[in-house]
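**Student:** One structure is given below, represented as structure tokens, and several questions about it will come after.
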Amino acid sequence: MAESIISPGVYTRENDISYITPAPIQAGAAFVGPTVKGPDNQPLIVTSYSDYVRKFGEIFLSGSTSYEFLTSIAVKNYFQNGGQTALVTKVVSGSYTGAVSTNLFTGLNKATGSGTIVANSGDQQQFAVLYAGSTFTFIATGSATPPADSPASGLFYFTSGSNLATTITSLVAEINAYPTYLPVSASGTATALQLTASLGGTPYNGITFLTGSLTGGTANFTITAATLAGGTDQVPFTLTTLGKGNLYNNSTSATSAGAQNSDGSLVSGSADNVRWEISNTNTALGTFTVTVRQGDDNTNNKTILETFNVNLDTNSDNYVEKVIGNQYVTVGTDSSTGTSYTYLNGTFPNRSNYVRVSSVTLATPNYLANDGVTVNRDAAGNLFSTYLPRIASGAFYDATGAPKSGASYFGGIGNTSGESQGLVPASYTTALSLLSNKDDYQFNIVSTPGLLNNAGFTSTISSFIALAESRGDCIAVVDLVKTGSIVSDLTSQAATINSSYAATYWPWLQIQSATGRNEYVPAGTVIPGVYAFTDAASAPWFAPAGLVRGGIGGVIQAERKLTKGDRDTLYSAKVNPIASFPGSGIAVFGQKTLQTKASALDRVNVRRLLIELKKFIGDQARNLVFEQNTISTRNKFLATVNPYLESVVQRQGLFAYRVVMDDTNNTADVVDRNQLVGQIFIQPAKTIEFVVLDFTIEPTGATFG
């Protein structure tokens, strides 16, 4: 609070100018569509294709066939052609959730015990387990077909085999077959049996194993050594995957480490899911290491993705939530406006790229006493050291959501109206609403690979074009028809759209997918890459077309080779043809927007010029808000904008320009309304689209002046 200046003296004041405004997410292109993995309806920046694959995956199985979403093909092509950053929004049909860590239990000891089994000369041998006042009897029989078990009566039968070792093997299998009746797991050797409580805690001390004949039994051993009270094994903290979808599952229950092969690899492990590992537990300091491993590694060949040194001490800088992070994004909808928005839940930013700490149930505040050596205890007298997770590894389970079975992919898109790659029009509603937030998400191209105007997605494509128009800072690249279409299909579809903020291209193109197969994709899948190459090689106001900048690398062939007549018909109908020239390859040979009226804005390069100018000048004007409306402020703006526009002239984007921001358009009444008016006049440079060469034949003897 400021001091009151009344009597003479020295007064100190604080002037905090450290407020930091987070920079908005900026990307060259926004891609909206299905992906293999990753969080849904959460626009994320990717800076390379490998970054995309890490966050969103690449290949997936549907039935017995591998597929690749057009989203990944579009992003790959974009980066291969010079794209720097991309904004990717995964859309899904249905509900998707993340996977939760399994078998992540405290280090409390489980009751355990073992004993030697005495061979019996008789045909049958009887064993018993005493638990909670009940007797569970296991009877070995020489019969290959033992009697049926009667769990309710506590009677179990198994084949003894030819020797003691086979008897123990059969007994182990019989005990492990009934975990709901006996909370123990059995293992054995050729002469001994070991029992371990399935859960930790003192309630399982005292389970007794007896061995003997049918006429009686002798106490062989009792399992003991559980150290912490509690009826169930305790989970100190829980991890949840940041990505959603059932491909993150590699276990089936909360208490399972995941079905494993002999080399320690997970049966359901894959390159797209993860597993966890706890190591380096230090009970003296209360620390341990959490490692995130790739789901398809094994014990001797671990693929370590991340490692975190943490503790459960809430007052420590290495507290597990602080180090790994606990935030997740929720999508909400404003009931008054219908607008979707995202908000962060959780306190600590995620430092892990794969998991977050979703809960901590056994925190250890001030793990060490004031002497720095003594380990503190909880209110019940249990040492905090018993809260630490045991050294183990585990998996993840309980995620939901998967690509739709029987969906259409590649050239099959459009054969089923209203469905594309497992998505329906409603799948895009939230993404559309989120991307309308111009302050949070900035991009100059929006692409929806796989959506076709004549296949049940007309309203969705119209919404994305409306998004580009309302934002005013991007152009929508759209596709109109499915494979096998003819020129008239294109012209009739293009006639239904009228916008300078959208452009379309045709025909479909064949590329090699990451699956190894050659597949057809709609042209809009690769056009953002053409734009990216134009930006990198020249500038946004150059035409992304022709043999210099419009070449499309990596294309095997076009679905159809267009004649000059085809190209003329398409271009007059606002469809940009993709031409196949022998010896020159496949190139975009048109740059019209879908605007019907003839004007400068019916060309892609002019629309993109305006987007670029509005972006730069708009950013400069934002700095004027709440400044004094004086000549000095106006001149400061002009001193920034005029040199920029002059540079655009020098780089062939404009013929001429003029900026007016003075008393002529900022009269007294304008100033009194708290307004600042600027007028920017530009003459866009035009591209050469028609080259006319006149060859004149003159008679012999004529001279050339």
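Chain identifiers are assigned as A, B, and so on, following the order in which chains appear in the structure tokens; residues are numbered from 1 within each chain, and ligands are numbered from 1 in order of appearance.
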Report the closest atom pair, with its distance in Å rounded to one decimal, for each residue of stretch 325-404 of chain A that has an atom no farther than 8 Å from stretch 270-274 of chain A; count only C-alpha atoms, sort by chain and then rising residue number, and write it as a Markdown table.
**Tutor:**
| residue | atom | partner | partner_atom | distance |
| --- | --- | --- | --- | --- |
| A:Tyr354 | CA | A:Val274 | CA | 7.8 |
| A:Ala395 | CA | A:Val274 | CA | 7.3 |
| A:Phe396 | CA | A:Val274 | CA | 7.6 |
**Student:** For the alpha helix (DSSP H) assignment from backbone DSSP, which residues of stretch 557-676 of chain A qualify? Please present them as a PyMOL selection string.
**Tutor:** chain A and resi 564-572+604-622+631-650+668-672
**Student:** Name the residues in contact with A:Ala144 at a cut-off of 12 Å, using only C-alpha atoms, excluding same-chain residues fewer than 3 positions from it; report them as a short mmCIF file (atom, residue, chain, number, x, y, z; two decimals) with C-alpha atoms, in the first residue's frame.
**Tutor:**
data_model
loop_
_atom_site.label_atom_id
_atom_site.label_comp_id
_atom_site.auth_asym_id
_atom_site.auth_seq_id
_atom_site.Cartn_x
_atom_site.Cartn_y
_atom_site.Cartn_z
CA ALA A 140 -3.80 -84.17 -4.52
CA THR A 141 -5.09 -87.17 -6.44
CA PRO A 147 -13.16 -84.26 -8.76
CA TYR A 157 -8.69 -81.02 -6.06
CA PHE A 158 -5.70 -81.30 -8.39
CA THR A 159 -3.67 -83.99 -10.14
CA SER A 160 -0.57 -84.89 -8.12
CA GLY A 161 1.61 -86.09 -10.99
CA SER A 162 4.42 -88.62 -10.84
CA SER A 170 0.02 -78.46 -9.58
#
**Student:** Would you pick out the contacts of A:Tyr248 at 10 Å or less, using only C-alpha atoms, so that residues sharing its chain but fewer than 6 positions from it are not included, and give the list as a list in words?
**Tutor:**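 So the residues in contact are Lys37, Gly38, Thr97, Gly98, Ala99, Val100, Thr240, Thr241, Leu242, Ser268, Gly269, Ser270, Ala271, Asp272, Asn273, Val274, Arg275, Gly295, Ala395, Phe396, Tyr397, Asp398, Ala399, Thr400 and Gly401 of chain A.
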**Student:** Keeping only C-alpha atoms, write those residues as a PDB file, in the first residue's frame.
**Tutor:**
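And here's again01.pdb as it stands now:
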ATOM      1  CA  LYS A  37      -2.984 -40.626 -29.948  1.00  0.00           C
ATOM      2  CA  GLY A  38      -2.680 -37.429 -27.944  1.00  0.00           C
ATOM      3  CA  THR A  97     -10.006 -40.798 -21.419  1.00  0.00           C
ATOM      4  CA  GLY A  98      -6.424 -41.258 -20.248  1.00  0.00           C
ATOM      5  CA  ALA A  99      -4.893 -44.420 -18.776  1.00  0.00           C
ATOM      6  CA  VAL A 100      -4.062 -44.791 -15.075  1.00  0.00           C
ATOM      7  CA  THR A 240      -2.321 -40.717 -15.658  1.00  0.00           C
ATOM      8  CA  THR A 241      -1.298 -40.475 -19.295  1.00  0.00           C
ATOM      9  CA  LEU A 242      -1.625 -37.075 -20.938  1.00  0.00           C
ATOM     10  CA  SER A 268       0.132 -55.079 -24.907  1.00  0.00           C
ATOM     11  CA  GLY A 269       3.103 -52.713 -24.986  1.00  0.00           C
ATOM     12  CA  SER A 270       3.644 -50.587 -28.082  1.00  0.00           C
ATOM     13  CA  ALA A 271       5.662 -47.630 -29.300  1.00  0.00           C
ATOM     14  CA  ASP A 272       2.557 -45.498 -28.753  1.00  0.00           C
ATOM     15  CA  ASN A 273       2.034 -46.283 -25.063  1.00  0.00           C
ATOM     16  CA  VAL A 274       4.240 -46.061 -21.992  1.00  0.00           C
ATOM     17  CA  ARG A 275       5.095 -47.894 -18.793  1.00  0.00           C
ATOM     18  CA  GLY A 295       5.626 -49.421 -23.831  1.00  0.00           C
ATOM     19  CA  ALA A 395       1.750 -50.424 -16.759  1.00  0.00           C
ATOM     20  CA  PHE A 396      -1.380 -48.363 -17.442  1.00  0.00           C
ATOM     21  CA  TYR A 397      -5.049 -49.286 -17.744  1.00  0.00           C
ATOM     22  CA  ASP A 398      -8.620 -47.985 -17.916  1.00  0.00           C
ATOM     23  CA  ALA A 399      -8.274 -45.576 -20.868  1.00  0.00           C
ATOM     24  CA  THR A 400     -11.223 -45.447 -23.249  1.00  0.00           C
ATOM     25  CA  GLY A 401     -11.726 -44.425 -26.870  1.00  0.00           C
TER      26      GLY A 401
END
**Student:** For A:Val477, please output as a list in words all residues within 6 Å (counting only C-alpha atoms; exclusion window: fewer than 5 positions along the same chain).
**Tutor:** Ser447, Ala502, Ala503, Thr504 and Gly524 of chain A
**Student:** Per DSSP on the backbone, filter stretch 312-417 of chain A down to the residues in strand (DSSP E or B) and report them as a PyMOL selection string.
**Tutor:** chain A and resi 319+328-333+340-345+355-360+368+375+377+383+389+392-394+396-397+400
**Student:** Could you turn the residues from that selection into a file that holds N, CA and C atoms, as a short mmCIF file (atom, residue, chain, number, x, y, z; two decimals), in the first residue's frame?
**Tutor:**
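In the end it all went to result_1.cif:
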data_model
loop_
_atom_site.label_atom_id
_atom_site.label_comp_id
_atom_site.auth_asym_id
_atom_site.auth_seq_id
_atom_site.Cartn_x
_atom_site.Cartn_y
_atom_site.Cartn_z
N TYR A 319 9.09 -32.37 -4.68
CA TYR A 319 7.79 -33.03 -4.49
C TYR A 319 7.29 -33.55 -5.83
N TYR A 328 -4.07 -30.72 -16.30
CA TYR A 328 -4.76 -31.28 -17.46
C TYR A 328 -5.78 -30.26 -17.95
N VAL A 329 -6.11 -30.38 -19.21
CA VAL A 329 -6.98 -29.40 -19.85
C VAL A 329 -8.41 -29.91 -19.90
N THR A 330 -9.34 -29.05 -19.58
CA THR A 330 -10.76 -29.36 -19.69
C THR A 330 -11.38 -28.38 -20.68
N VAL A 331 -12.26 -28.89 -21.51
CA VAL A 331 -12.98 -28.04 -22.45
C VAL A 331 -14.34 -27.70 -21.86
N GLY A 332 -14.61 -26.41 -21.74
CA GLY A 332 -15.90 -25.96 -21.23
C GLY A 332 -16.66 -25.20 -22.30
N THR A 333 -17.92 -24.96 -22.06
CA THR A 333 -18.76 -24.20 -22.99
C THR A 333 -19.50 -23.12 -22.23
N SER A 340 -16.90 -22.53 -26.95
CA SER A 340 -16.06 -23.46 -26.19
C SER A 340 -14.75 -22.78 -25.80
N TYR A 341 -14.18 -23.23 -24.71
CA TYR A 341 -12.91 -22.69 -24.25
C TYR A 341 -12.19 -23.76 -23.44
N THR A 342 -10.89 -23.63 -23.31
CA THR A 342 -10.12 -24.58 -22.53
C THR A 342 -9.63 -23.89 -21.25
N TYR A 343 -9.53 -24.68 -20.19
CA TYR A 343 -8.94 -24.15 -18.97
C TYR A 343 -8.13 -25.25 -18.29
N LEU A 344 -7.09 -24.81 -17.59
CA LEU A 344 -6.16 -25.74 -16.95
C LEU A 344 -6.64 -26.10 -15.55
N ASN A 345 -6.62 -27.38 -15.25
CA ASN A 345 -6.86 -27.87 -13.90
C ASN A 345 -5.51 -28.30 -13.32
N VAL A 355 3.03 -38.15 -18.98
CA VAL A 355 2.15 -38.46 -17.86
C VAL A 355 2.02 -37.24 -16.95
N ARG A 356 1.02 -37.29 -16.10
CA ARG A 356 0.85 -36.30 -15.04
C ARG A 356 0.54 -37.04 -13.75
N VAL A 357 0.77 -36.40 -12.62
CA VAL A 357 0.40 -36.97 -11.32
C VAL A 357 -1.05 -36.60 -11.07
N SER A 358 -1.92 -37.58 -11.11
CA SER A 358 -3.35 -37.29 -10.98
C SER A 358 -3.82 -37.29 -9.53
N SER A 359 -3.04 -37.90 -8.62
CA SER A 359 -3.40 -37.84 -7.20
C SER A 359 -2.21 -38.24 -6.35
N VAL A 360 -2.15 -37.71 -5.14
CA VAL A 360 -1.17 -38.13 -4.13
C VAL A 360 -1.96 -38.44 -2.87
N LEU A 368 11.88 -35.47 7.01
CA LEU A 368 12.92 -35.56 8.03
C LEU A 368 12.62 -34.57 9.16
N VAL A 375 13.64 -39.84 10.56
CA VAL A 375 12.47 -39.88 9.68
C VAL A 375 11.21 -39.71 10.52
N ARG A 377 7.07 -39.59 11.55
CA ARG A 377 5.99 -40.56 11.50
C ARG A 377 4.66 -39.84 11.28
N LEU A 383 6.08 -44.95 10.21
CA LEU A 383 7.18 -44.19 9.62
C LEU A 383 6.81 -43.72 8.22
N PRO A 389 7.01 -45.60 -2.56
CA PRO A 389 6.64 -46.70 -3.46
C PRO A 389 7.73 -47.75 -3.49
N ALA A 392 9.69 -51.22 -8.34
CA ALA A 392 8.90 -52.09 -9.22
C ALA A 392 8.70 -51.38 -10.54
N SER A 393 8.07 -52.05 -11.47
CA SER A 393 7.65 -51.42 -12.71
C SER A 393 6.20 -51.79 -12.95
N GLY A 394 5.51 -50.99 -13.73
CA GLY A 394 4.10 -51.25 -13.96
C GLY A 394 3.62 -50.69 -15.28
N PHE A 396 -0.26 -49.28 -17.52
CA PHE A 396 -1.38 -48.36 -17.44
C PHE A 396 -2.65 -49.06 -17.92
N TYR A 397 -3.79 -48.65 -17.39
CA TYR A 397 -5.05 -49.29 -17.74
C TYR A 397 -6.19 -48.28 -17.67
N THR A 400 -10.14 -45.11 -22.33
CA THR A 400 -11.22 -45.45 -23.25
C THR A 400 -11.10 -44.62 -24.52
#
**Student:** Would you list the contacts of stretch 506-520 of chain A as a CSV table (one decimal) with C-alpha atoms, in the first residue's frame, taking every protein, DNA or RNA residue within 7 Å and counting only C-alpha atoms, but skipping same-chain residues closer than 5 positions in sequence?
**Tutor:**
chain,number,residue,atom,x,y,z
A,59,ILE,CA,0.3,-45.7,-37.9
A,66,SER,CA,-2.5,-50.7,-40.8
A,67,TYR,CA,-3.6,-47.2,-41.7
A,68,GLU,CA,-2.4,-43.6,-41.4
A,410,PHE,CA,-7.7,-42.9,-48.1
A,411,GLY,CA,-9.5,-43.4,-51.4
A,483,THR,CA,-12.2,-40.1,-55.9
A,554,GLY,CA,6.7,-36.9,-53.1
A,555,VAL,CA,3.7,-37.4,-55.4
A,556,ILE,CA,3.7,-40.6,-57.4
A,557,GLN,CA,0.9,-39.6,-59.8
A,558,ALA,CA,-2.3,-37.6,-60.0
A,559,GLU,CA,-5.6,-39.5,-60.1
A,560,ARG,CA,-6.3,-37.9,-63.4
A,576,ASN,CA,-7.2,-24.7,-59.0
A,577,PRO,CA,-6.0,-27.5,-61.3
A,578,ILE,CA,-3.0,-29.7,-60.5
**Student:** Atom CA of A:Arg351 and atom CA of A:Thr287, how far apart in Å?
**Tutor:**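 If I compute the distance from atom CA of A:Thr287 to atom CA of A:Arg351, I get 18.4 Å.
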**Student:** Taking into account only C-alpha atoms, which residue in the set A:Val235, A:Val46, A:Ala192, A:Met661 is nearest to A:Ala621?
**Tutor:**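 Looking at the shortest contact to A:Ala621, the residue is A:Met661.
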**Student:** Set the distance at 10 Å and use only C-alpha atoms: which residues neighbour A:Asn444 once local chain neighbours fewer than 3 positions away are removed? I'd like the list as a PDB file with C-alpha atoms, in the first residue's frame.
**Tutor:**
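The new file out-v3.pdb reads:
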ATOM      1  CA  GLN A  26       1.752 -18.994 -33.253  1.00  0.00           C
ATOM      2  CA  ALA A  27       1.859 -21.457 -36.110  1.00  0.00           C
ATOM      3  CA  GLY A  28       1.969 -21.278 -39.868  1.00  0.00           C
ATOM      4  CA  ALA A  29      -0.790 -23.819 -40.409  1.00  0.00           C
ATOM      5  CA  ALA A  30      -3.541 -25.310 -38.281  1.00  0.00           C
ATOM      6  CA  ALA A 468     -11.318 -18.060 -41.590  1.00  0.00           C
ATOM      7  CA  ARG A 471     -10.718 -14.416 -37.886  1.00  0.00           C
ATOM      8  CA  GLY A 472      -9.510 -12.628 -41.025  1.00  0.00           C
ATOM      9  CA  ASP A 473      -5.974 -13.954 -40.589  1.00  0.00           C
ATOM     10  CA  CYS A 474      -5.994 -17.305 -42.369  1.00  0.00           C
ATOM     11  CA  ILE A 475      -7.114 -19.061 -45.527  1.00  0.00           C
ATOM     12  CA  ALA A 476      -9.001 -22.370 -45.526  1.00  0.00           C
ATOM     13  CA  TYR A 531       2.165 -22.685 -49.195  1.00  0.00           C
ATOM     14  CA  PRO A 540       3.349 -15.230 -48.699  1.00  0.00           C
ATOM     15  CA  ARG A 608      -2.351 -14.085 -48.283  1.00  0.00           C
ATOM     16  CA  ILE A 611      -3.404 -11.650 -44.181  1.00  0.00           C
ATOM     17  CA  GLU A 612       0.297 -10.932 -43.744  1.00  0.00           C
ATOM     18  CA  LYS A 615      -1.164  -9.543 -38.987  1.00  0.00           C
TER      19      LYS A 615
END
**Student:** Point out the residue among A:Phe626, A:Phe457, A:Phe616, A:Phe581 with the least atom-to-atom distance to A:Gly551, counting only C-alpha atoms.
**Tutor:**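 Residue with the minimum atom-to-atom distance to A:Gly551: A:Phe581.
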**Student:** Using only C-alpha atoms, find the one residue out of A:Asp296, A:Gly550, A:Leu193, A:Trp276 that sits nearest to A:Phe308.
**Tutor:** A:Trp276
**Student:** What is the distance, in Å and to one decimal place, between atom CA of A:Thr596 and atom CA of A:Tyr78?
**Tutor:**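 That distance, rounded to one decimal, is 28.3 Å.
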**Student:** Between atom CA of A:Gly381 and atom CA of A:Thr364, what is the distance, to one decimal in Å?
**Tutor:**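 About the pair atom CA of A:Gly381 and atom CA of A:Thr364: they are 12.8 Å apart.
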